[in-house]
Amino acid sequence: MRIVLLCGGAGKRLWPLSNEIRSKLFLRLLSAPDGRKESMLSRVYRQLTLAGLDSSALLLAHRSQVNLAFRHTEGRLPVLGEPAKRGTFTAAALAAAYFHTRGTGLDEVLCIAPADMYAGEDFFHSIAALSGLLLESGADLAMLGTRPTHPSDQYGYVVPGLQMIREGKISYAQVARFTEKPDLSGAQQLIHQGALWNCGVYAFTLRYMLSCMERSYLPLNDKALCAMYDSLPVRSFDEEIAERAEHAIVLPYDGEWHDIGNWQALTEQLSSQVIGRGQISGQTHGTHIVNELTYPIHVIGVEDIIAAASPDGILIASKSHAHAIKEQLGKLQLHPMHGETSWGSYRVLDEFDHRSLNDILAIRLTVLPDHRLNGRIHGSGLKVWTIVSGRGEVMLNGERFAAASGSVFSIPVDTYHTIRADLDTPLELIEVRLGNSLVNAFYKSEA
């Protein structure tokens with residue numbers, strides 16, 4: 001079986017910590033067994049490894065997040081880049097075309113799963129069981145469903161058939177129907193009928209997926225599919241595949257599973273009420289602070305709120321209404337003010353106008369040990385690098401200069417430039433960009 005972890009998402013429901021580049025998958029907020037903080041993707045990768053499934057896993061992410069996904073899995077999982085975000089069906093089709101083009105057998109079982117799932121260790125053993133159940137049952141589709149803990153209008157539901165079928169020690173059921181995000185009264189009725197929350201985990205043969213792609217007039221070659229990706233509509237796997245499958249089965253899962261796609265759900269998994277600089281006092285039951293800024297946040301006598309801050313903005317909201325931030329942001333074209341990259345991370349410090357120089361942008365860059373910035377040339381404007389900490393080497397048009405704390409480098413136009421950090425420590429620098437074109441180039445290329 002090949003497992004495909006889908007790393008999509010626009011990064012708005014957990015704003016301001018998440019953005020178009022650093023979606024919720026990459027937020028290092030969860031407690032790892034070793035006491036450090038890990039991201040959702042790092043957690044899933046660790047659990048896949050413990051279950052012995054890491055060698056069969058592939059990540060599928062937007063091309064702007066490929067290097068970031070690679071970093072959060074310690075560079076040990078292959079990452080396939082999507083040219084655009086076109087929904088879970090199109091992502092699954094790209095993965096299928098990728099395997100088919102490389103000679104994978106038509107009877108190979110593929111399993112797609114959201115990379116942002118938060119589940120117990122045994123959840124991944126259930127994923128491993130889907131392959132055998134799919135083949136033994138002769139179903140088109142095998143999926144996982146978890147027992148609801150409460151009525152919710154945030155999940156899709158799977159209604160299993162009445163007859164439970166035994167295969168060895170594993171019980172599963174035929175899928176009777178799907179219901180997508182009902183209202184709370186409808187959710188209550190579904191739970192009384194034995195419905196399960198849809199985990200978004202689906203197993204199918206490559207042959208079946210290719211036939212669905214042909215039905216949708218999609219090419220079976222990954223390069224040909226990528227060439228037309230931008231013109232494709234956004235389509236979900238649930239609507240295009242799951243709800244149309246003639247024979248689908250569901251494996252119930254009784255362990256821990258959460259969708260932590262909003263502040264209410266995420267804070268339930270945090271080990272501390274305050275992350276970053278801040279303090280909570282008075283009657284503040286259920287209140288959390290998550291602060292990435294250097295300025296402290298104090299919350300006094302307010303219950304059940306989230307106070308979150310990052311260079312992208314500040315959110316103060318009751319947890320029950322915090323999910324509305326996605327609609328509030330709407331389709332605004334927001335420039336990510338911070339993010340992670342293949343070489344390290346960046347944070348926009350300030351942007352302002354100057355009468356003679358027009359735009360000026362100040363950015364703090366952190367280059368990881370033995371990494372370097374992407375080399376480039378700018379045709380107008382001026383860059384100035386000031387080394388804050390660490391040591392490394394600056395290259396300007398082939399010449400090499402030692403870089404250490406306090407070093408300043410002025411980079412004029414038409415100068416090829418890059419900087420590399422030494423092997424043992426990260427290198428931090430302040431980059432100042434002078435000129436409209438350089439400021440716009442940052443938001444287009446880095447962010």
# chains A, B, ... in the order shown; residues from 1 in each chain; ligands from 1
$ residues_around --residues "A:Gly381" --least-positions-apart "6" --cutoff "8 Å" --atoms "only C-alpha atoms" --output "PyMOL selection string"
chain A and resi 412-413+433-438
$ write_last_selection --atoms "C-alpha atoms" --output "PDB file, in the first residue's frame"
ATOM      1  CA  PRO A 412      24.114  47.093  -5.449  1.00  0.00           C
ATOM      2  CA  VAL A 413      22.196  46.204  -8.602  1.00  0.00           C
ATOM      3  CA  ARG A 433      15.472  46.457   0.782  1.00  0.00           C
ATOM      4  CA  LEU A 434      15.280  49.912  -0.783  1.00  0.00           C
ATOM      5  CA  GLY A 435      13.076  50.412  -3.838  1.00  0.00           C
ATOM      6  CA  ASN A 436       9.612  49.386  -4.999  1.00  0.00           C
ATOM      7  CA  SER A 437      10.761  46.549  -7.222  1.00  0.00           C
ATOM      8  CA  LEU A 438      12.779  44.859  -4.467  1.00  0.00           C
TER       9      LEU A 438
END
$ select_by_dssp --residues "stretch 230-267 of chain A" --states "strand (DSSP E or B)" --output "VMD selection string"
chain A and resid 248 to 253 257 to 259
$ write_last_selection --atoms "C-alpha atoms" --output "CSV table (one decimal), in the first residue's frame"
chain,number,residue,atom,x,y,z
A,248,ALA,CA,-17.8,1.3,-0.3
A,249,ILE,CA,-16.9,-0.1,3.1
A,250,VAL,CA,-16.1,1.6,6.4
A,251,LEU,CA,-13.8,0.5,9.2
A,252,PRO,CA,-14.9,2.0,12.6
A,253,TYR,CA,-12.2,3.4,14.7
A,257,TRP,CA,-9.2,11.2,16.8
A,258,HIS,CA,-9.6,15.0,16.5
A,259,ASP,CA,-9.8,17.5,13.7
$ atom_distance --atom1 "atom CA of A:Leu50" --atom2 "atom CA of A:Lys37"
18.2 Å
$ residues_around --residues "A:Phe352" --least-positions-apart "5" --cutoff "7 Å" --atoms "only C-alpha atoms" --output "VMD selection string"
chain A and resid 359 to 361
$ write_last_selection --atoms "C-alpha atoms" --output "CSV table (one decimal), in the first residue's frame"
chain,number,residue,atom,x,y,z
A,359,ASP,CA,9.3,51.6,-0.4
A,360,ILE,CA,11.7,50.3,2.3
A,361,LEU,CA,11.4,46.9,3.7
$ select_by_dssp --residues "stretch 295-437 of chain A" --states "alpha helix (DSSP H)" --output "PyMOL selection string"
chain A and resi 325-329+436-437
$ residues_around --residues "A:Ala69" --least-positions-apart "6" --cutoff "10 Å" --atoms "only C-alpha atoms" --output "MDAnalysis selection string"
chainID A and resid 7 22 25:26 41:42 59:63 75 77:80 340:342
